[in-house]
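Engineer: First the structure, then my questions, so here it is.
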Amino acid sequence: MDIEEIKKEAIEKIEKIKENIDLDLFRKEYLGKKGKIRDLFSLIKDLPIEEKKTLGQKINQLSLEIEEIFLLKENSFKKEIKEEIDFSFPAKATELGSLHPITQVRREMENIFQMMGFSVVEGPEIETQWYNFDALNIPEGHPARDALSLGKTFYLKNGNVLRTQTSSAQVRYMQKMKPPIKIIIPGKVYRYETTDASHETNFFQLEGLYIDKNVSVSHLKAILHKFLESFFKRKIEIRLRPSYFPFTEPSVEVDMLCTVCNGKGCAACKKTGWVEILGAGIVHPNVIKNGGIDPKKYKGLAFGLSIDRPTMMKYKINDIRLFHSANLNFLKQF
Ligand code: DAH
């Protein structure tokens, strides 16, 4: 019997112990009723008295030492547990997120149009060339179709495109619905272009389409005027400027009197006094025909605006790229 050997083994074992359950097993193995210390005592039971005495003392000593290392370890566990869980410690506050400013503005716009009787629908972001171009009276060879020209289109390998405009959903819904049709189509659009403070490859638009028997430019003007005043929560003056879009005839661009300088001319309106806010017009008969509706019986008005730009105006954001920056300091302000 080698008492030193047993001591060494016990010390090595206890050092490796990390959990209470193993510590308990250790106690049983050495100090328990059927443990190693007891075994030692029974081994010396029949030895001559002198030998029994000296060995007995040594075993007693070993027993004390093992008990000591056991208690030390037990205490260290108790301390650790105490340090780990402090029930009086205040709970960590959960950080609340917020809706992205574009989402907030999009919902605000949707509410305004819904109050005017428009339904909110969506179209696919991956679109066929037919719906994105042909159906909208943009024939092949038109500069708006050219990836490197004005249209700035992302073409996919299978010939589809990432829609460049929410107008692409117009004919989809004309084919599905019977007039009167009164819908808005908010969503993401894509343009292949260099980004800067006012251009992004990916931004949001909101499209409007109203088809009925007697739709006219005065309806268009009234709807847009009402919308802009509700959105900016103030009196707004607008003007319709003749423009060109293949899918509308006549086409207009809608400007609003600059809300920063009230028309006097400032940096925000590039000294013109007016801010261009959206494109619109009376739907071209070819487009209505492509939607399976008789252009002799029905007329339509359509408009399309960016959601990003009014958001920037509303919150005085000077760089469109911030919207996709995932910059929490920026996002936390909304
Ligand atoms: N789709 C046009 C654009 O992306 C905006 C637009 C102009 C939409 C006139 C219309 C419209 O519905 O009638 O620039």
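Lettering and numbering for the structure tokens are positional, with chains as A, B, ... in the shown order, residues counted from 1 in each chain, and ligands counted from 1 in the shown order.
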Counting only C-alpha atoms and all ligand atoms, what are the residues, protein, DNA or RNA alike, that approach ligand 1 to within 6 Å? I want them as a PyMOL selection string.

Structural biologist: chain A and resi 165+167+207+245+248+279-281+302-304

Engineer: Selected residues, all heavy atoms, written as a short mmCIF file (atom, residue, chain, number, x, y, z; two decimals), in the first residue's frame, please.

Structural biologist:
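Saved result, again-v7.cif, follows:
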data_model
loop_
_atom_site.label_atom_id
_atom_site.label_comp_id
_atom_site.auth_asym_id
_atom_site.auth_seq_id
_atom_site.Cartn_x
_atom_site.Cartn_y
_atom_site.Cartn_z
N GLN A 165 -39.38 49.75 -62.94
CA GLN A 165 -40.46 50.65 -62.53
C GLN A 165 -41.65 49.82 -62.06
O GLN A 165 -41.90 48.73 -62.56
CB GLN A 165 -40.87 51.51 -63.72
CG GLN A 165 -41.07 50.69 -64.99
CD GLN A 165 -41.34 51.53 -66.22
OE1 GLN A 165 -41.43 52.75 -66.13
NE2 GLN A 165 -41.48 50.90 -67.37
N SER A 167 -44.49 50.53 -62.70
CA SER A 167 -45.46 50.56 -63.80
C SER A 167 -45.61 49.16 -64.42
O SER A 167 -46.64 48.84 -65.02
CB SER A 167 -45.00 51.52 -64.91
OG SER A 167 -44.63 52.76 -64.38
N GLU A 207 -46.81 53.23 -57.46
CA GLU A 207 -47.50 53.42 -58.73
C GLU A 207 -48.99 53.56 -58.46
O GLU A 207 -49.52 52.92 -57.56
CB GLU A 207 -47.27 52.13 -59.55
CG GLU A 207 -47.73 52.19 -60.96
CD GLU A 207 -46.73 52.93 -61.84
OE1 GLU A 207 -45.60 53.16 -61.37
OE2 GLU A 207 -47.10 53.29 -62.96
N PHE A 245 -43.75 60.11 -71.44
CA PHE A 245 -43.56 58.71 -71.05
C PHE A 245 -44.25 57.88 -72.12
O PHE A 245 -45.34 58.27 -72.56
CB PHE A 245 -44.21 58.42 -69.68
CG PHE A 245 -43.60 59.20 -68.54
CD1 PHE A 245 -44.27 60.28 -68.01
CD2 PHE A 245 -42.37 58.85 -68.01
CE1 PHE A 245 -43.73 61.03 -66.97
CE2 PHE A 245 -41.81 59.59 -66.97
CZ PHE A 245 -42.49 60.67 -66.45
N THR A 248 -48.05 56.88 -71.37
CA THR A 248 -49.14 57.84 -71.12
C THR A 248 -49.21 58.86 -72.24
O THR A 248 -48.19 59.20 -72.85
CB THR A 248 -48.91 58.58 -69.78
OG1 THR A 248 -47.54 58.91 -69.66
CG2 THR A 248 -49.35 57.76 -68.59
N GLY A 279 -44.10 61.46 -61.89
CA GLY A 279 -44.50 61.38 -63.29
C GLY A 279 -45.91 60.85 -63.36
O GLY A 279 -46.33 60.04 -62.53
N ALA A 280 -46.67 61.30 -64.36
CA ALA A 280 -48.07 60.87 -64.43
C ALA A 280 -48.61 61.09 -65.84
O ALA A 280 -47.90 61.61 -66.71
CB ALA A 280 -48.89 61.65 -63.42
N GLY A 281 -49.85 60.71 -66.03
CA GLY A 281 -50.47 60.97 -67.33
C GLY A 281 -51.75 60.18 -67.51
O GLY A 281 -52.22 59.49 -66.60
N ALA A 302 -52.62 57.38 -64.60
CA ALA A 302 -51.57 56.65 -63.89
C ALA A 302 -50.55 57.64 -63.37
O ALA A 302 -50.40 58.74 -63.90
CB ALA A 302 -50.89 55.66 -64.83
N PHE A 303 -49.90 57.25 -62.32
CA PHE A 303 -48.83 58.09 -61.79
C PHE A 303 -47.81 57.20 -61.09
O PHE A 303 -48.12 56.07 -60.69
CB PHE A 303 -49.37 59.16 -60.83
CG PHE A 303 -50.24 58.61 -59.72
CD1 PHE A 303 -49.68 58.22 -58.52
CD2 PHE A 303 -51.62 58.50 -59.89
CE1 PHE A 303 -50.49 57.72 -57.51
CE2 PHE A 303 -52.43 58.00 -58.87
CZ PHE A 303 -51.87 57.61 -57.68
N GLY A 304 -46.60 57.70 -60.99
CA GLY A 304 -45.55 56.93 -60.32
C GLY A 304 -44.60 57.87 -59.61
O GLY A 304 -44.16 58.87 -60.18
#

Engineer: Mind checking which residues fall within 10 Å of Val161 (chain A), counting only C-alpha atoms, ignoring those fewer than 6 positions away in the same chain, and posting them as a ChimeraX atom specification?

Structural biologist: /A:125-133,153-155,190

Engineer: Name all residues at most 8 Å from Ile112 (chain A) (count only C-alpha atoms; drop same-chain ones fewer than 4 positions away) and give them as an MDAnalysis selection string.

Structural biologist: chainID A and resid 108 116 227 230:231

Engineer: Tell me which of A:Val283, A:Phe204, A:Leu224, A:Lys270 sits closest to Tyr244 (chain A), counting only C-alpha atoms.

Structural biologist: A:Val283

Engineer: Distance CA of Lys289 (chain A)-CA of Pro139 (chain A), one decimal place?

Structural biologist: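 Computed distance, CA of Lys289 (chain A) to CA of Pro139 (chain A), equals 15.0 Å.
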
Engineer: Hey, can you check how far CA of Asn327 (chain A) sits from CA of Gln205 (chain A)?

Structural biologist: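 Spanning CA of Asn327 (chain A) to CA of Gln205 (chain A) is a straight-line distance of 22.3 Å.
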
Engineer: What separation in Å, quoted to one decimal, exists between CA of Ile238 (chain A) and CA of Asp255 (chain A)?

Structural biologist: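 Distance reported for this atom pair: 5.6 Å.
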
Engineer: Running DSSP on the backbone, which parts of region 46-271 of chain A land in helix (DSSP H, G or I), as a PyMOL selection string?

Structural biologist: chain A and resi 49-84+101-115+129-132+134-136+143-145+166-176+217-232

Engineer: Which residues, written as a list of chain:residue names, have at least one atom at most 9 Å from Ile37 (chain A), with only C-alpha atoms counted and residues fewer than 5 positions away on the same chain left out?

Structural biologist: A:Glu29, A:Tyr30, A:Leu31, A:Gly32, A:Ser42, A:Ile59, A:Asn60, A:Leu62, A:Ser63

Engineer: Go through A:Lys33, A:Lys78, A:His100, A:Lys8 one by one, measure the shortest atom-to-atom distance of each to Ala326 (chain A) using only C-alpha atoms, and give the residue with the smallest value.

Structural biologist: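 Selected residue with least distance to Ala326 (chain A): A:His100.
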
Engineer: Could you name the residues that touch Ile3 (chain A) at 12 Å or less, counting only C-alpha atoms, but leaving out those on the same chain fewer than 2 positions away, as a short mmCIF file (atom, residue, chain, number, x, y, z; two decimals) with N, CA, C and O atoms, in the first residue's frame?

Structural biologist:
data_model
loop_
_atom_site.label_atom_id
_atom_site.label_comp_id
_atom_site.auth_asym_id
_atom_site.auth_seq_id
_atom_site.Cartn_x
_atom_site.Cartn_y
_atom_site.Cartn_z
N MET A 1 0.84 -1.19 0.00
CA MET A 1 0.00 0.00 0.00
C MET A 1 0.88 1.24 0.00
O MET A 1 1.80 1.36 0.80
N GLU A 5 1.11 7.53 -3.02
CA GLU A 5 0.53 7.31 -4.35
C GLU A 5 -0.96 7.66 -4.35
O GLU A 5 -1.45 8.36 -5.25
N ILE A 6 -1.65 7.21 -3.32
CA ILE A 6 -3.09 7.49 -3.23
C ILE A 6 -3.34 9.00 -3.10
O ILE A 6 -4.24 9.56 -3.74
N LYS A 7 -2.50 9.65 -2.32
CA LYS A 7 -2.66 11.09 -2.13
C LYS A 7 -2.47 11.83 -3.46
O LYS A 7 -3.27 12.69 -3.85
N LYS A 8 -1.40 11.43 -4.17
CA LYS A 8 -1.11 12.09 -5.44
C LYS A 8 -2.28 11.91 -6.41
O LYS A 8 -2.75 12.86 -7.07
N GLU A 9 -2.77 10.69 -6.47
CA GLU A 9 -3.88 10.36 -7.38
C GLU A 9 -5.12 11.19 -7.03
O GLU A 9 -5.78 11.77 -7.90
N ALA A 10 -5.39 11.33 -5.73
CA ALA A 10 -6.58 12.09 -5.29
C ALA A 10 -6.45 13.56 -5.68
O ALA A 10 -7.41 14.18 -6.16
N LYS A 36 -11.79 4.39 -0.27
CA LYS A 36 -10.40 3.94 -0.23
C LYS A 36 -9.78 4.04 1.16
O LYS A 36 -8.96 3.20 1.55
N ILE A 37 -10.16 5.05 1.96
CA ILE A 37 -9.60 5.21 3.31
C ILE A 37 -10.04 4.05 4.20
O ILE A 37 -9.24 3.41 4.90
N ASP A 39 -10.91 1.13 3.16
CA ASP A 39 -10.18 -0.06 2.69
C ASP A 39 -8.81 -0.16 3.34
O ASP A 39 -8.38 -1.23 3.76
N LEU A 40 -8.14 1.01 3.43
CA LEU A 40 -6.79 1.02 4.02
C LEU A 40 -6.84 0.57 5.47
O LEU A 40 -6.04 -0.26 5.91
N PHE A 41 -7.82 1.11 6.19
CA PHE A 41 -7.92 0.70 7.60
C PHE A 41 -8.17 -0.79 7.73
O PHE A 41 -7.59 -1.47 8.57
N LEU A 55 1.11 2.95 10.83
CA LEU A 55 0.34 3.04 9.58
C LEU A 55 -1.00 3.74 9.80
O LEU A 55 -1.45 4.55 9.00
N GLY A 56 -1.63 3.44 10.92
CA GLY A 56 -2.93 4.06 11.27
C GLY A 56 -2.82 5.57 11.29
O GLY A 56 -3.68 6.28 10.74
N GLN A 57 -1.74 6.06 11.89
CA GLN A 57 -1.57 7.52 11.94
C GLN A 57 -1.44 8.11 10.53
O GLN A 57 -2.03 9.14 10.21
N LYS A 58 -0.66 7.37 9.72
CA LYS A 58 -0.48 7.87 8.34
C LYS A 58 -1.80 7.90 7.59
O LYS A 58 -2.10 8.83 6.83
N ILE A 59 -2.61 6.84 7.78
CA ILE A 59 -3.89 6.80 7.07
C ILE A 59 -4.81 7.93 7.57
O ILE A 59 -5.49 8.60 6.78
N ASN A 60 -4.79 8.14 8.88
CA ASN A 60 -5.58 9.25 9.43
C ASN A 60 -5.19 10.58 8.81
O ASN A 60 -6.03 11.38 8.42
N GLN A 61 -3.87 10.78 8.72
CA GLN A 61 -3.35 12.00 8.12
C GLN A 61 -3.85 12.15 6.68
O GLN A 61 -4.34 13.21 6.28
N LEU A 62 -3.75 11.02 5.92
CA LEU A 62 -4.22 11.03 4.54
C LEU A 62 -5.70 11.40 4.48
O LEU A 62 -6.13 12.24 3.67
N SER A 63 -6.46 10.79 5.37
CA SER A 63 -7.90 11.04 5.40
C SER A 63 -8.17 12.53 5.61
O SER A 63 -9.00 13.13 4.93
N GLU A 65 -6.16 15.03 5.00
CA GLU A 65 -5.73 15.82 3.83
C GLU A 65 -6.74 15.75 2.69
O GLU A 65 -7.07 16.74 2.05
N ILE A 66 -7.24 14.52 2.46
CA ILE A 66 -8.21 14.38 1.37
C ILE A 66 -9.50 15.15 1.70
O ILE A 66 -10.10 15.80 0.85
#

Engineer: Between A:Leu322, A:Met109, A:Leu136, A:Leu301, single out the one closest to Arg172 (chain A), counting only C-alpha atoms.

Structural biologist: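 Of all the options, A:Leu136 lies closest to Arg172 (chain A).
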